[in-house]
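Structure first, then comments.
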Amino acid sequence: MSRILRIVQLAMKSLLLHKLRSGLTMLGIVFGVFSVIAMLAIGEGASAQAEKQVLELGATNVIAVSIKPPVESSSGGASRQSRVLAYGLKRTDIELVENLDTVTSIVPIRELPEEARHGRNRLNVRIVGSTAGYLPLNRLKLRSGTFVTEQHNERYENVCVLAENVALELFGFEDPIGKSITLGIHAFEVVGVVETRVASAAVGGSLSGQDFRNDVYVPIETFWLRIGDTVVQRATGSFSVEEVEVSQITLSVVDEKSVVPTAEAVRETLQETHRRQRDYDVVVPLELLEQAKQIRTIFNVVLGSIAAISLVVGGIGIMNIMLATVTERTREIGIRRALGAKQSDVTSQFLTETIVLSGTGGVIGILLGLATPLAFGLVQWFVRTQFLEGAAVGGEMASMFTEMTPRIAWWSLPLAFGFSVAIGVVFGIYPARAAARLDPIEALRHE
Amino acid sequence: MRLAAELVDLVKDYDLGTFVVHALRGVTLRFPAGDYVAIMGTSGSGKSTLLNLLGALDRPSGGTYVLGGEDVSTLDDDELSRIRNQMIGFVFQSYNLIAQYTVLENIEVPLLYRPGHPPITSADRERCAEVARRVGLGERLDHRPFQLSGGQQQRVAIARALVNDPEILLADEPTGNLDSATEQEILALFDELNGEGRTIVMVTHEPEVARRAKRQIYMRDGVVAGEGVFPG
Ligand SMILES: Nc1ncnc2c1ncn2[C@@H]1O[C@H](COP(=O)(O)OP(=O)(O)O)[C@@H](O)[C@H]1O
Ligand SMILES: [Mg+2]
């Protein structure tokens with residue numbers, strides 16, 4: 001033990017003799033280790049964020065969504081633009097999937113963009129027809145009043161619940177409960193207000209991100225009765241009519257291991273009733289989670305490898321310097337050999353110097369790496385203030401970037417340190433062996 | 001009388017591919033313990049080659065070399081390192097100190113490579129300091145080589161050569177880089193050491209220096225051409 005300590009001391013002494021050179025040589029490893037840790041932290045952060053988004057959908061949920069089928073060009077030819085495009089999930093589908101054994105509860109949704117009015121205030125909102133289950137499903141919190149209840153649905157009541165922002169826009173600081181708003185041509189009584197919650201991200205292709213800020217919730221039965229299934233969309237010069245009964249059905253499944261079989265059953269059931277066109281998709285958060293985990297692994301491997309390349313480059317730098325050092329210190333090597341140093345003594349001396357160099361670089365790199373979240377935060381702040389300023393919603397990539405926090409993968413610290421030491425060994429062994437193999441007589445004669 | 005070192009028909013060839021240099025062609029010499037020998041000869045006569053073999057820095061191509069009762073001629077590299085460490089003290093013309101080490105640390109270097117690598121104890125340090133005092137370096141233990149004169153540096157080298165109590169002290173032109181006054185000091189030190197029973201083999205081409213030894217050996221073309229005892 002004390003011998004190792006002495007060898008290390010010896011190595012330090014030689015390295016400190018050329019502080020600038022040692023420092024510069026070490027930088028390669030410092031940045032290599034730093035980038036390994038930083039890359040993995042960013043990878044972990046990004047995938048953790050992705051997993052969180054998926055989990056928000058509920059690991060034990062299966063989600064069926066209506067999707068607009070691609071317009072067939074053959075049928076579009078002669079017919080006018082007024083053709084009614086009927087697609088999506090049906091009310092009958094709800095009952096079919098509700099009756100599966102493993103399904104504990106379901107929440108159907110019908111949504112529609114519409115203008116909400118109260119007095120002279122107007123706001124473009126999203127009307128969401130749903131049931132009582134919608135509130136817990138989306139982790140919404142009630143601010144005042146009640147949410148949509150079963151009774152509301154049974155009685156087709158013209159009631160609505162406002163998102164906080166909608167209440168503020170339409171009513172200002174007035175209490176909206178008991179007051180009435182107009183959605184399209186129908187009047188609804190406000191029975192509750194829910195707190196603002198953060199928007200959800202788009203997940204899995206079929207589920208677009210939801211911004212809950214401008215929502216107005218109504219009983220889905222009322223929606224069907226009053227507003228109906230037909231949506232007329234006006235565009236310049238033409239308009240299209242769509243008929244959609246249900247926008248989305250979220251099924252809660254009894255436990256995680258029943259999720260995949262249930263999803264399978266749902267797919268089969270819907271395939272039966274939607275033979276004509278593929279106008280729905282079944283999204284399984286648990287499957288997405290698995291994918292996200294795989295992506296995390298790929299992320300880690302790719303980012304880690306890129307960073308590892310910089311470590312290897314650092315190693316080559318070390319090797320370069322050590323080779324120069326050996327040449328420069330040939331005389332010293334000759335002296336030591338004459339005084340009784342074995343080849344192995346010389347090897348261990350130079351190898352120790354390399355390892356001390358790369359190991360110290362590794363430690364500094366780790367310390368820098370630990371500051372990754374801080375540094376990343378600064379970069380985020382910079383990007384937000386310099387580039388995304390003004391852009392209301394910075395797009396999916398931007399929000400992915402700005403909302404992500406790097407998470408230090410603790411396992412990456414010993415990994416990076418081990419790697420830097422290994423680099424020292426791998427790139428140090430050749431110069432060290434070269435030093436040891438010098439002929440003592442030649443070495444002593446060296447100028 | 002006990003023999004410190006014995007060379008029997010020692011041969012050293014350098015194979016240069018196209019031809020072979022016969023640097024030593026059969027050298028037979030005996031060095032009794034306490035001997036003080038100067039090796040002389042023209043350039044290229046094989047003095048350095050002989051000293052390198054005596055110093056176990058190299059293996060002979062033929063013949064035997066017995067040092068302190070042990071046949072050294074066929075040992076492997078690690079064994080030769082042990083021999084150099086334990087039984088040989090080198091003094092070079094150009095001192096060959098390690099520049100980044102202090103006087104004391106330079107004297108300690110052979111201790112780093114003792115068989116089994118025992119840690120350097122405070123007793124070892126005390127011994128180093130004592131040897132340093134012995135060669136007249138008492139107050140300069142924490143100086144670095146560049147802070148010392150040539151004569152002082154050579155004293156450090158001599159102390160370093162003595163620290164493992166070697167069987168034989170080998171010196172290659174030890175005063176070649178020194179002015180004559182300092183040369184006299186170093187030779188006086190050699191005299192003292194020899195007086196204490198040290199066996200010394202010294203290569204020199206200065207007759208006045210050679211004269212200080214007990215006997216002189218003349219080399220020519222890789223063989224011992226003659227032997228003399230001064231004065232006489
Ligand atoms: N490493 C070597 N390779 C080839 N020839 C050598 C080597 N070392 C010495 N010689 C040759 O051996 C002969 C003796 O050299 P050396 O022992 O250095 O003589 P001296 O020290 O007496 O001048 C010379 O001819 C020299 O050229
Ligand atoms: Mg010579």
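Ordering of the structure tokens sets the chain letters (A, B, ...), residue numbers begin anew at 1 in every chain, and ligands are numbered from 1 in the order given.
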Give the alpha helix (DSSP H) residues of range 90-222 of chain B, as assigned by DSSP on the backbone, as a count of residues only.
56
Environment of ligand 1 within 9 Å, counting only C-alpha atoms and all ligand atoms, reported as JSON, numbers by chain
{"A": [441, 442], "B": [12, 13, 14, 15, 16, 20, 21, 22, 23, 24, 40, 41, 42, 43, 44, 45, 46, 47, 48, 49, 50, 51, 52, 203, 219, 220, 221, 222]}
With a cut-off of 6 Å and counting only C-alpha atoms, select all residues of chain B in contact with chain A and give the selection as JSON, numbers by chain.
{"B": [78, 81, 82, 84, 85, 110, 113]}
For the residues in the current selection, export C-alpha atoms as a CSV table (one decimal), in the first residue's frame.
```csv
chain,number,residue,atom,x,y,z
B,78,ASP,CA,15.7,-8.6,-13.5
B,81,SER,CA,18.9,-5.1,-12.0
B,82,ARG,CA,19.2,-6.7,-8.6
B,84,ARG,CA,23.3,-3.4,-10.0
B,85,ASN,CA,21.2,-2.3,-7.1
B,110,PRO,CA,18.8,3.1,-5.1
B,113,TYR,CA,14.6,-0.4,-6.1
```
Within 7 Å of Val223 in chain B, counting only C-alpha atoms, which residues show up once you throw out same-chain ones fewer than 5 positions away? Write them as a list of chain:residue names, please.
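What passes the distance filter is B:Leu24, B:Arg25, B:Gly26, B:Val27.
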Provide the CA of Leu170 in chain B to CA of Asp35 in chain B distance in Å, to one decimal place.
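Result for CA of Leu170 in chain B versus CA of Asp35 in chain B: 11.7 Å, one decimal.
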Out of B:Leu3, B:Ile186, B:Ala171, B:Leu80, which residue has the shortest atom-to-atom distance to ligand 2 when counting only C-alpha atoms and all ligand atoms?
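The closest residue to ligand 2 is B:Ala171.
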